[in-house]
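Trainee: Quick one, input-v2.tsv (TSV, C-alpha atoms and all ligand atoms):
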```
chain	number	residue	atom	x	y	z
A	200	MET	CA	12.38	-21.28	28.68
A	201	VAL	CA	10.54	-24.52	28.30
A	202	ARG	CA	12.34	-27.42	29.86
A	203	GLY	CA	11.42	-30.93	28.95
A	204	THR	CA	10.01	-32.28	25.74
A	205	LEU	CA	7.50	-30.61	23.47
A	206	ARG	CA	5.28	-32.39	20.99
A	207	ILE	CA	3.39	-31.23	17.90
A	208	ARG	CA	-0.02	-32.70	17.14
A	209	ARG	CA	-3.17	-31.79	15.20
A	210	ALA	CA	-5.60	-29.46	16.85
A	211	GLU	CA	-9.11	-30.78	17.41
A	212	ALA	CA	-12.40	-29.11	18.27
A	213	ARG	CA	-11.81	-29.94	21.95
A	214	ASP	CA	-8.70	-27.71	21.80
A	215	LEU	CA	-10.67	-24.54	21.05
A	216	PRO	CA	-10.65	-23.28	24.69
A	217	ALA	CA	-6.88	-23.83	24.89
A	218	LEU	CA	-6.37	-22.15	21.50
A	219	MET	CA	-8.34	-19.15	22.67
A	220	ASN	CA	-6.37	-19.05	25.91
A	221	ILE	CA	-3.11	-18.85	23.94
A	222	GLU	CA	-4.66	-16.29	21.57
A	223	ARG	CA	-5.72	-13.98	24.42
A	224	ALA	CA	-2.38	-14.32	26.20
A	225	SER	CA	-0.45	-13.51	23.01
A	226	PHE	CA	-2.25	-10.72	21.16
A	227	ALA	CA	-3.69	-7.33	22.07
A	228	PRO	CA	-7.50	-7.37	22.34
A	229	GLU	CA	-7.92	-5.36	19.10
A	230	ILE	CA	-5.95	-8.02	17.21
A	231	GLN	CA	-7.33	-11.20	18.73
A	232	GLU	CA	-9.43	-13.37	16.45
A	233	SER	CA	-12.66	-15.01	17.52
A	234	GLU	CA	-13.43	-18.58	18.52
A	235	GLU	CA	-15.68	-18.77	15.43
A	236	THR	CA	-12.70	-17.91	13.23
A	237	PHE	CA	-10.61	-20.67	14.82
A	238	ALA	CA	-13.48	-23.16	14.66
A	239	ASP	CA	-13.85	-22.42	10.95
A	240	ARG	CA	-10.11	-22.93	10.43
A	241	LEU	CA	-10.22	-26.32	12.14
A	242	ASN	CA	-13.23	-27.29	10.08
A	243	ALA	CA	-11.92	-26.04	6.72
A	244	PHE	CA	-8.44	-27.53	6.97
A	245	PRO	CA	-8.06	-29.86	9.97
A	246	GLY	CA	-4.54	-30.79	8.84
A	247	GLY	CA	-3.46	-27.15	8.98
A	248	ALA	CA	-4.07	-26.53	12.68
A	249	LEU	CA	-1.25	-27.67	14.92
A	250	ILE	CA	-0.88	-27.68	18.67
A	251	LEU	CA	2.40	-27.59	20.53
A	252	GLU	CA	2.01	-29.41	23.77
A	253	ALA	CA	4.16	-29.73	26.85
A	254	GLY	CA	5.78	-33.13	27.20
A	255	SER	CA	6.20	-35.35	30.18
A	256	GLU	CA	9.81	-34.55	31.01
A	257	GLY	CA	9.24	-31.41	33.05
A	258	ASN	CA	12.28	-30.79	35.20
A	259	ARG	CA	11.56	-31.32	38.90
A	260	ASN	CA	13.72	-28.36	39.93
A	261	ASP	CA	11.82	-26.12	37.56
A	262	ARG	CA	8.55	-27.27	39.08
A	263	GLU	CA	9.88	-26.55	42.58
A	264	ASP	CA	11.11	-23.09	41.48
A	265	CYS	CA	7.74	-22.42	39.96
A	266	ARG	CA	5.84	-23.44	43.09
A	267	ARG	CA	8.15	-21.40	45.30
A	268	ALA	CA	7.65	-18.35	43.05
A	269	GLY	CA	3.91	-18.75	43.50
A	270	ASN	CA	3.38	-19.17	39.78
A	271	CYS	CA	1.40	-22.34	40.19
A	272	SER	CA	-0.54	-23.81	43.04
A	273	ASN	CA	-0.37	-27.49	42.33
A	274	GLY	CA	2.51	-27.99	39.96
A	275	SER	CA	0.24	-28.73	37.05
A	276	ASN	CA	-0.43	-25.37	35.51
A	277	GLY	CA	0.87	-21.82	35.26
A	278	GLY	CA	4.51	-20.99	35.74
A	279	ASN	CA	7.05	-22.05	33.16
A	280	GLY	CA	6.89	-24.81	30.61
A	281	GLY	CA	8.55	-27.31	32.93
A	282	CYS	CA	5.69	-26.83	35.34
A	283	ARG	CA	3.00	-27.65	32.83
A	284	ARG	CA	0.98	-30.82	32.83
A	285	SER	CA	2.01	-33.26	30.17
A	286	GLY	CA	-0.12	-32.79	27.05
A	287	GLU	CA	-1.16	-29.25	27.92
A	288	PRO	CA	-1.24	-26.98	24.83
A	289	VAL	CA	1.41	-24.25	25.03
A	290	GLY	CA	1.35	-23.04	21.42
A	291	TYR	CA	-0.52	-23.22	18.13
A	292	LEU	CA	0.01	-22.60	14.43
A	293	THR	CA	-2.88	-22.40	11.96
A	294	ALA	CA	-2.67	-22.39	8.18
A	295	GLU	CA	-4.73	-22.42	4.99
A	296	ILE	CA	-3.91	-23.28	1.41
A	297	TRP	CA	-4.71	-20.58	-1.12
A	298	ASP	CA	-4.78	-20.73	-4.93
A	299	LYS	CA	-2.45	-17.76	-5.09
A	300	ALA	CA	-1.17	-14.95	-2.89
A	301	PRO	CA	-3.60	-12.00	-3.04
A	302	PRO	CA	-2.50	-8.52	-4.10
A	303	PRO	CA	-1.15	-6.59	-1.11
A	304	SER	CA	-4.45	-5.24	0.17
A	305	ALA	CA	-6.08	-5.14	3.58
A	306	GLU	CA	-8.99	-7.20	2.25
A	307	GLY	CA	-6.67	-9.85	0.88
A	308	TYR	CA	-5.21	-10.48	4.34
A	309	ARG	CA	-8.20	-9.48	6.46
A	310	LEU	CA	-8.15	-10.81	10.03
A	311	GLY	CA	-11.15	-12.95	10.80
A	312	HIS	CA	-11.73	-13.98	7.19
A	313	ARG	CA	-13.36	-17.37	6.82
A	314	ALA	CA	-10.84	-20.08	6.00
A	315	SER	CA	-13.68	-22.12	4.53
A	316	GLU	CA	-14.10	-19.46	1.81
A	317	ARG	CA	-10.43	-19.35	0.83
A	318	HIS	CA	-8.92	-22.76	1.55
A	319	ASN	CA	-8.30	-24.94	-1.50
A	320	PRO	CA	-6.37	-28.19	-0.88
A	321	GLU	CA	-5.21	-28.08	-4.51
A	322	GLY	CA	-3.66	-24.62	-4.17
A	323	ARG	CA	0.04	-23.80	-4.15
A	324	VAL	CA	0.31	-21.13	-1.47
A	325	LEU	CA	0.49	-21.96	2.21
A	326	TYR	CA	-0.88	-19.05	4.23
A	327	ILE	CA	0.05	-19.05	7.92
A	328	SER	CA	-2.97	-17.44	9.56
A	329	SER	CA	-1.62	-17.38	13.11
A	330	PHE	CA	1.16	-18.61	15.34
A	331	ALA	CA	1.73	-18.08	19.07
A	332	VAL	CA	3.28	-19.60	22.17
A	333	LEU	CA	2.10	-18.95	25.75
A	334	PRO	CA	4.28	-16.26	27.37
A	335	GLU	CA	5.47	-18.61	30.13
A	336	ALA	CA	6.57	-21.20	27.57
A	337	ARG	CA	8.56	-18.79	25.37
A	338	GLY	CA	12.32	-18.67	25.03
A	339	GLY	CA	13.79	-21.32	22.78
A	340	THR	CA	10.35	-22.66	21.83
A	341	GLY	CA	8.81	-20.61	19.04
A	342	ARG	CA	11.54	-20.95	16.44
A	343	ALA	CA	11.72	-24.75	16.72
A	344	PHE	CA	7.93	-25.03	16.65
A	345	PHE	CA	7.61	-22.74	13.62
A	346	CYS	CA	10.29	-24.60	11.63
A	347	GLU	CA	8.91	-28.05	12.44
A	348	ALA	CA	5.33	-27.02	11.76
A	349	LEU	CA	6.26	-25.55	8.39
A	350	ASP	CA	8.29	-28.60	7.40
A	351	LEU	CA	5.40	-30.85	8.36
A	352	LEU	CA	2.74	-28.88	6.47
A	353	CYS	CA	4.88	-28.56	3.33
A	354	ALA	CA	5.80	-32.26	3.38
A	355	GLU	CA	2.14	-33.23	3.68
A	356	ASN	CA	1.09	-30.82	0.93
A	357	PRO	CA	3.78	-31.21	-1.76
A	358	LYS	CA	2.05	-28.83	-4.21
A	359	ILE	CA	2.96	-25.92	-1.96
A	360	ASP	CA	5.59	-23.78	-3.65
A	361	ARG	CA	5.25	-20.60	-1.62
A	362	VAL	CA	4.61	-19.71	2.03
A	363	VAL	CA	3.10	-16.33	2.92
A	364	PHE	CA	1.82	-14.48	5.99
A	365	ILE	CA	1.66	-11.06	7.56
A	366	VAL	CA	3.42	-9.87	10.70
A	367	HIS	CA	2.87	-6.79	12.84
A	368	GLU	CA	5.75	-4.35	12.42
A	369	GLN	CA	6.42	-4.46	16.18
A	370	TRP	CA	6.45	-8.21	16.70
A	371	ARG	CA	10.23	-8.33	16.90
A	372	ALA	CA	10.67	-11.90	18.13
A	373	ALA	CA	8.44	-13.25	15.37
A	374	ARG	CA	10.18	-11.16	12.70
A	375	HIS	CA	13.55	-12.37	13.96
A	376	ILE	CA	12.42	-15.98	13.57
A	377	TYR	CA	11.00	-15.42	10.08
A	378	GLU	CA	14.05	-13.52	8.84
A	379	GLY	CA	16.27	-16.31	10.17
A	380	CYS	CA	14.19	-18.85	8.25
A	381	GLY	CA	14.84	-16.94	5.01
A	382	PHE	CA	11.49	-15.15	4.62
A	383	GLN	CA	11.60	-11.89	2.65
A	384	TYR	CA	9.51	-8.75	3.08
A	385	THR	CA	7.35	-8.37	-0.04
A	386	GLY	CA	4.78	-5.73	0.90
A	387	VAL	CA	3.37	-3.39	3.53
A	388	LEU	CA	-0.25	-2.91	4.57
A	389	PRO	CA	-0.30	0.55	6.20
A	390	SER	CA	-2.23	0.83	9.50
A	391	PHE	CA	-3.59	-2.68	8.98
A	392	PHE	CA	-3.71	-3.47	12.70
A	393	LYS	CA	-6.21	-1.27	14.51
A	394	ASP	CA	-4.17	-0.82	17.67
A	395	GLY	CA	-3.06	2.52	19.10
A	396	ASP	CA	-4.22	5.82	17.64
A	397	ALA	CA	-2.74	5.49	14.18
A	398	GLY	CA	-2.78	1.71	13.91
A	399	SER	CA	0.27	-0.36	12.97
A	400	ASP	CA	1.54	-1.61	9.67
A	401	ALA	CA	1.41	-5.26	8.66
A	402	LEU	CA	4.41	-6.57	6.75
A	403	ILE	CA	3.86	-9.27	4.18
A	404	MET	CA	6.51	-11.97	4.29
A	405	GLU	CA	7.07	-14.74	1.74
A	406	LYS	CA	9.40	-17.56	0.94
A	407	LYS	CA	9.55	-19.93	-2.02
A	408	ARG	CA	9.76	-23.63	-1.19
B	1	LIG	C1	6.73	-15.26	18.31
B	1	LIG	C2	6.79	-16.27	19.47
B	1	LIG	C3	5.97	-17.49	19.12
B	1	LIG	C4	8.25	-16.66	19.69
B	1	LIG	O1	8.32	-17.61	20.74
B	1	LIG	P1	9.71	-17.85	21.52
B	1	LIG	O2	9.61	-19.12	22.27
B	1	LIG	O3	10.03	-16.62	22.28
B	1	LIG	O4	10.70	-18.00	20.28
B	1	LIG	P2	12.26	-18.37	20.31
B	1	LIG	O5	12.83	-18.06	21.65
B	1	LIG	O6	12.46	-19.74	19.77
B	1	LIG	O7	12.81	-17.37	19.21
B	1	LIG	C5	12.68	-15.99	19.38
B	1	LIG	C6	13.86	-15.32	18.75
B	1	LIG	O8	13.62	-13.91	18.72
B	1	LIG	C7	14.61	-13.24	19.47
B	1	LIG	N1	13.98	-12.12	20.10
B	1	LIG	C8	13.19	-12.11	21.20
B	1	LIG	N2	12.77	-10.85	21.43
B	1	LIG	C9	13.30	-10.08	20.45
B	1	LIG	C10	13.25	-8.68	20.15
B	1	LIG	N3	12.54	-7.84	20.90
B	1	LIG	N4	13.92	-8.21	19.06
B	1	LIG	C11	14.62	-9.06	18.28
B	1	LIG	N5	14.72	-10.40	18.52
B	1	LIG	C12	14.07	-10.87	19.61
B	1	LIG	C13	15.15	-14.27	20.45
B	1	LIG	O9	16.46	-13.95	20.89
B	1	LIG	C14	15.13	-15.51	19.57
B	1	LIG	O10	16.20	-15.47	18.65
B	1	LIG	P3	17.36	-16.57	18.63
B	1	LIG	O11	16.67	-17.90	18.40
B	1	LIG	O12	18.20	-16.15	17.47
B	1	LIG	O13	18.02	-16.46	19.96
B	1	LIG	C15	6.25	-15.63	20.77
B	1	LIG	O14	7.03	-14.49	21.09
B	1	LIG	C16	4.80	-15.22	20.68
B	1	LIG	O15	3.90	-16.05	20.81
B	1	LIG	N6	4.55	-13.90	20.49
B	1	LIG	C17	3.21	-13.35	20.45
B	1	LIG	C18	2.47	-13.78	19.21
B	1	LIG	C19	3.19	-13.44	17.94
B	1	LIG	O16	3.90	-12.46	17.81
B	1	LIG	N7	2.96	-14.29	16.93
B	1	LIG	C20	3.52	-14.10	15.61
B	1	LIG	C21	2.40	-13.91	14.67
B	1	LIG	S1	2.97	-13.38	13.07
```
Transcribe the structure of this file into structure tokens.

Mentor:
Amino acid sequence: MVRGTLRIRRAEARDLPALMNIERASFAPEIQESEETFADRLNAFPGGALILEAGSEGNRNDREDCRRAGNCSNGSNGGNGGCRRSGEPVGYLTAEIWDKAPPPSAEGYRLGHRASERHNPEGRVLYISSFAVLPEARGGTGRAFFCEALDLLCAENPKIDRVVFIVHEQWRAARHIYEGCGFQYTGVLPSFFKDGDAGSDALIMEKKR
């Protein structure tokens, strides 16, 4: 549970190490995307990359608990959200704008595709390419971040009339958030994620704005 305030801001090139830290802490190695992919996203659509950062109101008791538990050495990193240094990135959401949603194919939603080849600021479909929160900052964080980020991106890009993304069949917390926000399942990409022996399905989720 993150205590204290959280703030959303644009990601910048200097955030790439923090983005990759969140990426590696949140996804299995076979699913993680590369720093080049994130750099291309930031470059193609700077407005579509958002950082969630820890605020300055970290609770002193939480910091003490964290230090006592040995989760952080100096009270400025590690541990729970309340123990994080103000301004430290604890989550990200990246997005692109597409002309239209692709047919439900693995190529259409390929991980690691170049945003610069698909992003069109005049398009009508907001594609959420990734979204994650550091494990120690989870619990009452992701849903609020996702909703605010989506509201922000749609308000800034009023042509958007549809939001689309894929989710791993086993990412229960994420699916719970998306279902609660009114997203519908509109397709399945069998064995899309190359994890485990047989791989895992990706579920396509969509919502009209
Ligand atoms: C998805 C993620 C950002 C959520 O962050 P979070 O801070 O835990 O989110 P919240 O606590 O605000 O919301 C999670 C919701 O899922 C629920 N939940 C958690 N685990 C669950 C599970 N195994 N099954 C069903 N629901 C679950 C929580 O109870 C909560 O629901 P509520 O708000 O109705 O109580 C975080 O888990 C994460 O980064 N996961 C790894 C990356 C990922 O899956 N990204 C999604 C890419 S599509």

Trainee: What is the atom CA of Leu215 of chain A to atom CA of Ile250 of chain A distance in Å?

Mentor: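 One can read the atom CA of Leu215 of chain A to atom CA of Ile250 of chain A distance as 10.6 Å.
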
Trainee: Counting all atoms listed in the file, find residues at most 10 Å from (9.7, -37.0, 14.7) (file frame) and give them as a VMD selection string.

Mentor: chain A and resid 206 to 207 347 351

Trainee: Given all atoms listed in the file as the basis, pick out the residue of A:Leu251, A:Cys380, A:Cys353, A:Met404 nearest to Glu295 of chain A.

Mentor: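 The closest residue to Glu295 of chain A is A:Cys353.
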
Trainee: Using only C-alpha atoms and all ligand atoms, which protein or nucleic acid residues are at most 7 Å from ligand LIG 1 (chain B), as a ChimeraX atom specification?

Mentor: /A:225-226,329-334,336-343,365-367,370-373,375-376

Trainee: Which is closest to Ala314 of chain A among A:Arg240, A:Lys358, A:Lys406, A:Lys299, if we use only C-alpha atoms?

Mentor: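 Ranked by minimum distance to Ala314 of chain A, first place goes to A:Arg240.
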
Trainee: Expressed in Å to a single decimal, how great is the separation between atom CA of Gly322 of chain A and atom CA of Phe237 of chain A?

Mentor: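 Taking atom CA of Gly322 of chain A as the start and atom CA of Phe237 of chain A as the end point, the length is 20.6 Å.
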
Trainee: For the atom pair atom CA of Gly386 of chain A and atom CA of Ala300 of chain A, what is the interatomic distance in Å to one decimal place?

Mentor: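 Going from atom CA of Gly386 of chain A over to atom CA of Ala300 of chain A covers 11.6 Å.
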
Trainee: My list of candidates is A:Glu287, A:Arg309, A:Phe345, A:Leu241. Which is closest to Ala212 of chain A when distances are computed with only C-alpha atoms?

Mentor: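 Of the candidates, the smallest distance to Ala212 of chain A is held by A:Leu241.
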
Trainee: Excluding Glu316 of chain A and residues on its chain fewer than 6 positions from it, collect all residues at most 10 Å away from it, counting only C-alpha atoms, and give them as number ranges by chain.

Mentor: A: 239, 243, 297

Trainee: Which residue, A:Arg374, A:Arg408, A:Arg209, A:Arg223, has the smallest gap to Pro357 of chain A when you use all atoms listed in the file?

Mentor: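 With all atoms listed in the file as the atom set, the closest residue is A:Arg408.
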
Trainee: Which centre and edge lengths in Å to one decimal define the box along x, y and z that fits every listed atom of segment 343-351 of chain A plus 3 Å per side, as lines of an AutoDock Vina configuration file?

Mentor:
```
center_x = 8.5
center_y = -26.8
center_z = 12.1
size_x = 12.4
size_y = 14.1
size_z = 15.3
```

Trainee: When distances are computed from all atoms listed in the file, which of A:Ala305, A:Leu310, A:Ala224, A:Ile296 shows the smallest separation from Thr236 of chain A?

Mentor: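 Of A:Ala305, A:Leu310, A:Ala224, A:Ile296, the one nearest Thr236 of chain A, counting all atoms listed in the file, is A:Leu310.
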